[in-house]
Amino acid sequence: MDIDDLANVAVARFGDERVVTAATLADAIETAIAIAEEVGEQGEAVSGAGVVVTGSVVTAGAARTLFGKDPA
């Protein structure tokens, strides 16, 4: 699905303030981590916040590679 079409579906379901798009998987992960880290107060360790990468096995493998892991 085209990213703009998917974003429109997500906005309709979750609202504009909860949908963020990114051009690449690396950008998406970086943005998601930044958003998750905003949950805690400044100087406080973040607990209970995280990022989950979903999609095909290809997407999961690409994400693992970005984190320096074997894509298998």
# chains A, B, ... in the order shown; residues from 1 in each chain; ligands from 1
$ residues_around --residues "A:Ile29" --least-positions-apart "5" --cutoff "12 Å" --atoms "only C-alpha atoms" --output "list in words"
Val20, Thr21, Ala22, Ala23, Thr24, Ala34, Ile35, Ala36, Gly50, Val51, Val52, Val53, Thr54, Thr59, Ala60, Ala62, Ala63, Arg64, Leu66 and Phe67 of chain A
$ residues_around --residues "A:Val19" --least-positions-apart "3" --cutoff "12 Å" --atoms "only C-alpha atoms" --output "mmCIF file with N, CA and C atoms, in the first residue's frame"
data_model
loop_
_atom_site.group_PDB
_atom_site.id
_atom_site.type_symbol
_atom_site.label_atom_id
_atom_site.label_comp_id
_atom_site.auth_asym_id
_atom_site.auth_seq_id
_atom_site.Cartn_x
_atom_site.Cartn_y
_atom_site.Cartn_z
ATOM 1 N N ILE A 3 2.358 4.746 0.986
ATOM 2 C CA ILE A 3 2.482 5.319 2.326
ATOM 3 C C ILE A 3 1.411 6.369 2.620
ATOM 4 N N ASP A 4 1.081 7.205 1.639
ATOM 5 C CA ASP A 4 0.060 8.233 1.867
ATOM 6 C C ASP A 4 -1.321 7.616 2.061
ATOM 7 N N LEU A 6 -1.910 4.558 3.238
ATOM 8 C CA LEU A 6 -1.881 3.918 4.546
ATOM 9 C C LEU A 6 -1.996 4.960 5.662
ATOM 10 N N ALA A 7 -1.306 6.074 5.519
ATOM 11 C CA ALA A 7 -1.384 7.138 6.519
ATOM 12 C C ALA A 7 -2.808 7.668 6.639
ATOM 13 N N ASN A 8 -3.493 7.814 5.516
ATOM 14 C CA ASN A 8 -4.883 8.292 5.555
ATOM 15 C C ASN A 8 -5.791 7.314 6.287
ATOM 16 N N VAL A 9 -5.585 6.028 6.072
ATOM 17 C CA VAL A 9 -6.367 5.013 6.785
ATOM 18 C C VAL A 9 -6.067 5.084 8.285
ATOM 19 N N ALA A 10 -4.783 5.217 8.623
ATOM 20 C CA ALA A 10 -4.391 5.294 10.030
ATOM 21 C C ALA A 10 -4.942 6.547 10.699
ATOM 22 N N VAL A 11 -4.897 7.675 10.006
ATOM 23 C CA VAL A 11 -5.430 8.925 10.557
ATOM 24 C C VAL A 11 -6.929 8.796 10.814
ATOM 25 N N ALA A 12 -7.627 8.169 9.891
ATOM 26 C CA ALA A 12 -9.071 7.980 10.061
ATOM 27 C C ALA A 12 -9.370 7.138 11.299
ATOM 28 N N ARG A 13 -8.503 6.203 11.614
ATOM 29 C CA ARG A 13 -8.722 5.304 12.759
ATOM 30 C C ARG A 13 -8.198 5.879 14.075
ATOM 31 N N PHE A 14 -6.978 6.445 14.031
ATOM 32 C CA PHE A 14 -6.290 6.843 15.261
ATOM 33 C C PHE A 14 -6.229 8.349 15.496
ATOM 34 N N GLY A 15 -6.497 9.143 14.476
ATOM 35 C CA GLY A 15 -6.416 10.600 14.602
ATOM 36 C C GLY A 15 -5.077 11.123 14.129
ATOM 37 N N ASP A 16 -5.088 12.328 13.642
ATOM 38 C CA ASP A 16 -3.912 12.948 13.042
ATOM 39 C C ASP A 16 -2.741 13.068 14.014
ATOM 40 N N ALA A 22 7.356 8.234 7.777
ATOM 41 C CA ALA A 22 8.788 8.403 7.532
ATOM 42 C C ALA A 22 9.108 7.813 6.165
ATOM 43 N N ALA A 28 11.981 5.815 10.281
ATOM 44 C CA ALA A 28 10.819 5.451 11.090
ATOM 45 C C ALA A 28 11.251 4.961 12.473
ATOM 46 N N THR A 31 12.573 7.928 14.522
ATOM 47 C CA THR A 31 11.454 8.749 14.983
ATOM 48 C C THR A 31 10.705 8.061 16.114
ATOM 49 N N ALA A 32 10.454 6.767 15.970
ATOM 50 C CA ALA A 32 9.731 6.014 17.002
ATOM 51 C C ALA A 32 10.502 5.998 18.318
ATOM 52 N N ILE A 35 10.153 9.409 19.952
ATOM 53 C CA ILE A 35 8.819 9.568 20.546
ATOM 54 C C ILE A 35 8.710 8.755 21.838
#
$ atom_distance --atom1 "atom CA of A:Glu17" --atom2 "atom CA of A:Val57"
28.7 Å
$ atom_distance --atom1 "atom CA of A:Ala49" --atom2 "atom CA of A:Glu37"
7.3 Å
$ select_by_dssp --residues "chain A" --states "helix (DSSP H, G or I)" --output "MDAnalysis selection string"
chainID A and resid 3:14 16:18 25:37 57:66
$ write_last_selection --atoms "N, CA, C and O atoms" --output "short mmCIF file (atom, residue, chain, number, x, y, z; two decimals), in the first residue's frame"
data_model
loop_
_atom_site.label_atom_id
_atom_site.label_comp_id
_atom_site.auth_asym_id
_atom_site.auth_seq_id
_atom_site.Cartn_x
_atom_site.Cartn_y
_atom_site.Cartn_z
N ILE A 3 2.36 4.75 0.99
CA ILE A 3 2.48 5.32 2.33
C ILE A 3 1.41 6.37 2.62
O ILE A 3 0.87 6.43 3.72
N ASP A 4 1.08 7.20 1.64
CA ASP A 4 0.06 8.23 1.87
C ASP A 4 -1.32 7.62 2.06
O ASP A 4 -2.09 8.07 2.91
N ASP A 5 -1.62 6.57 1.30
CA ASP A 5 -2.91 5.88 1.46
C ASP A 5 -2.99 5.22 2.84
O ASP A 5 -4.02 5.31 3.52
N LEU A 6 -1.91 4.56 3.24
CA LEU A 6 -1.88 3.92 4.55
C LEU A 6 -2.00 4.96 5.66
O LEU A 6 -2.73 4.75 6.63
N ALA A 7 -1.31 6.07 5.52
CA ALA A 7 -1.38 7.14 6.52
C ALA A 7 -2.81 7.67 6.64
O ALA A 7 -3.30 7.92 7.76
N ASN A 8 -3.49 7.81 5.52
CA ASN A 8 -4.88 8.29 5.55
C ASN A 8 -5.79 7.31 6.29
O ASN A 8 -6.67 7.73 7.06
N VAL A 9 -5.58 6.03 6.07
CA VAL A 9 -6.37 5.01 6.79
C VAL A 9 -6.07 5.08 8.29
O VAL A 9 -6.98 5.05 9.12
N ALA A 10 -4.78 5.22 8.62
CA ALA A 10 -4.39 5.29 10.03
C ALA A 10 -4.94 6.55 10.70
O ALA A 10 -5.42 6.49 11.83
N VAL A 11 -4.90 7.67 10.01
CA VAL A 11 -5.43 8.93 10.56
C VAL A 11 -6.93 8.80 10.81
O VAL A 11 -7.43 9.24 11.85
N ALA A 12 -7.63 8.17 9.89
CA ALA A 12 -9.07 7.98 10.06
C ALA A 12 -9.37 7.14 11.30
O ALA A 12 -10.37 7.34 11.98
N ARG A 13 -8.50 6.20 11.61
CA ARG A 13 -8.72 5.30 12.76
C ARG A 13 -8.20 5.88 14.08
O ARG A 13 -8.83 5.81 15.11
N PHE A 14 -6.98 6.45 14.03
CA PHE A 14 -6.29 6.84 15.26
C PHE A 14 -6.23 8.35 15.50
O PHE A 14 -5.88 8.78 16.59
N ASP A 16 -5.09 12.33 13.64
CA ASP A 16 -3.91 12.95 13.04
C ASP A 16 -2.74 13.07 14.01
O ASP A 16 -1.59 12.92 13.63
N GLU A 17 -3.04 13.32 15.29
CA GLU A 17 -1.97 13.52 16.27
C GLU A 17 -1.23 12.24 16.63
O GLU A 17 -0.15 12.29 17.22
N ARG A 18 -1.76 11.09 16.23
CA ARG A 18 -1.13 9.81 16.57
C ARG A 18 -0.48 9.12 15.38
O ARG A 18 0.00 8.00 15.51
N LEU A 25 12.74 2.99 6.57
CA LEU A 25 12.63 2.22 7.80
C LEU A 25 13.55 2.80 8.87
O LEU A 25 13.17 2.94 10.03
N ALA A 26 14.76 3.17 8.49
CA ALA A 26 15.70 3.75 9.46
C ALA A 26 15.14 5.03 10.06
O ALA A 26 15.23 5.26 11.27
N ASP A 27 14.55 5.88 9.22
CA ASP A 27 13.94 7.12 9.71
C ASP A 27 12.76 6.82 10.63
O ASP A 27 12.57 7.48 11.65
N ALA A 28 11.98 5.81 10.28
CA ALA A 28 10.82 5.45 11.09
C ALA A 28 11.25 4.96 12.47
O ALA A 28 10.67 5.35 13.49
N ILE A 29 12.28 4.14 12.52
CA ILE A 29 12.76 3.62 13.80
C ILE A 29 13.34 4.76 14.64
O ILE A 29 13.07 4.86 15.83
N GLU A 30 14.12 5.62 14.01
CA GLU A 30 14.69 6.76 14.73
C GLU A 30 13.60 7.66 15.31
O GLU A 30 13.66 8.08 16.47
N THR A 31 12.57 7.93 14.52
CA THR A 31 11.45 8.75 14.98
C THR A 31 10.71 8.06 16.11
O THR A 31 10.36 8.69 17.12
N ALA A 32 10.45 6.77 15.97
CA ALA A 32 9.73 6.01 17.00
C ALA A 32 10.50 6.00 18.32
O ALA A 32 9.91 6.15 19.39
N ILE A 33 11.80 5.84 18.25
CA ILE A 33 12.62 5.85 19.47
C ILE A 33 12.56 7.22 20.13
O ILE A 33 12.40 7.32 21.36
N ALA A 34 12.65 8.27 19.34
CA ALA A 34 12.57 9.63 19.89
C ALA A 34 11.22 9.87 20.57
O ALA A 34 11.16 10.45 21.66
N ILE A 35 10.15 9.41 19.95
CA ILE A 35 8.82 9.57 20.55
C ILE A 35 8.71 8.75 21.84
O ILE A 35 8.19 9.24 22.85
N ALA A 36 9.22 7.53 21.84
CA ALA A 36 9.17 6.69 23.04
C ALA A 36 9.97 7.32 24.18
O ALA A 36 9.56 7.26 25.33
N GLU A 37 11.10 7.94 23.86
CA GLU A 37 11.93 8.56 24.89
C GLU A 37 11.28 9.82 25.46
O GLU A 37 11.60 10.22 26.57
N VAL A 57 8.59 -10.55 6.99
CA VAL A 57 9.89 -11.04 7.45
C VAL A 57 11.01 -10.21 6.85
O VAL A 57 12.07 -10.06 7.46
N VAL A 58 10.79 -9.66 5.68
CA VAL A 58 11.80 -8.79 5.05
C VAL A 58 11.98 -7.53 5.88
O VAL A 58 13.10 -7.09 6.17
N THR A 59 10.87 -6.92 6.31
CA THR A 59 10.93 -5.72 7.15
C THR A 59 11.60 -6.03 8.48
O THR A 59 12.46 -5.28 8.95
N ALA A 60 11.22 -7.13 9.10
CA ALA A 60 11.82 -7.52 10.38
C ALA A 60 13.32 -7.76 10.23
O ALA A 60 14.11 -7.34 11.08
N GLY A 61 13.71 -8.41 9.15
CA GLY A 61 15.14 -8.66 8.89
C GLY A 61 15.90 -7.36 8.67
O GLY A 61 17.01 -7.18 9.17
N ALA A 62 15.29 -6.43 7.93
CA ALA A 62 15.93 -5.13 7.70
C ALA A 62 16.08 -4.37 9.02
O ALA A 62 17.11 -3.73 9.26
N ALA A 63 15.08 -4.44 9.88
CA ALA A 63 15.14 -3.77 11.18
C ALA A 63 16.25 -4.39 12.03
O ALA A 63 17.02 -3.68 12.67
N ARG A 64 16.33 -5.70 12.05
CA ARG A 64 17.39 -6.37 12.81
C ARG A 64 18.76 -5.92 12.33
O ARG A 64 19.66 -5.67 13.13
N THR A 65 18.92 -5.79 11.02
CA THR A 65 20.19 -5.34 10.45
C THR A 65 20.52 -3.93 10.92
O THR A 65 21.67 -3.62 11.25
N LEU A 66 19.51 -3.05 10.97
CA LEU A 66 19.73 -1.69 11.44
C LEU A 66 20.20 -1.66 12.89
O LEU A 66 20.93 -0.75 13.29
#
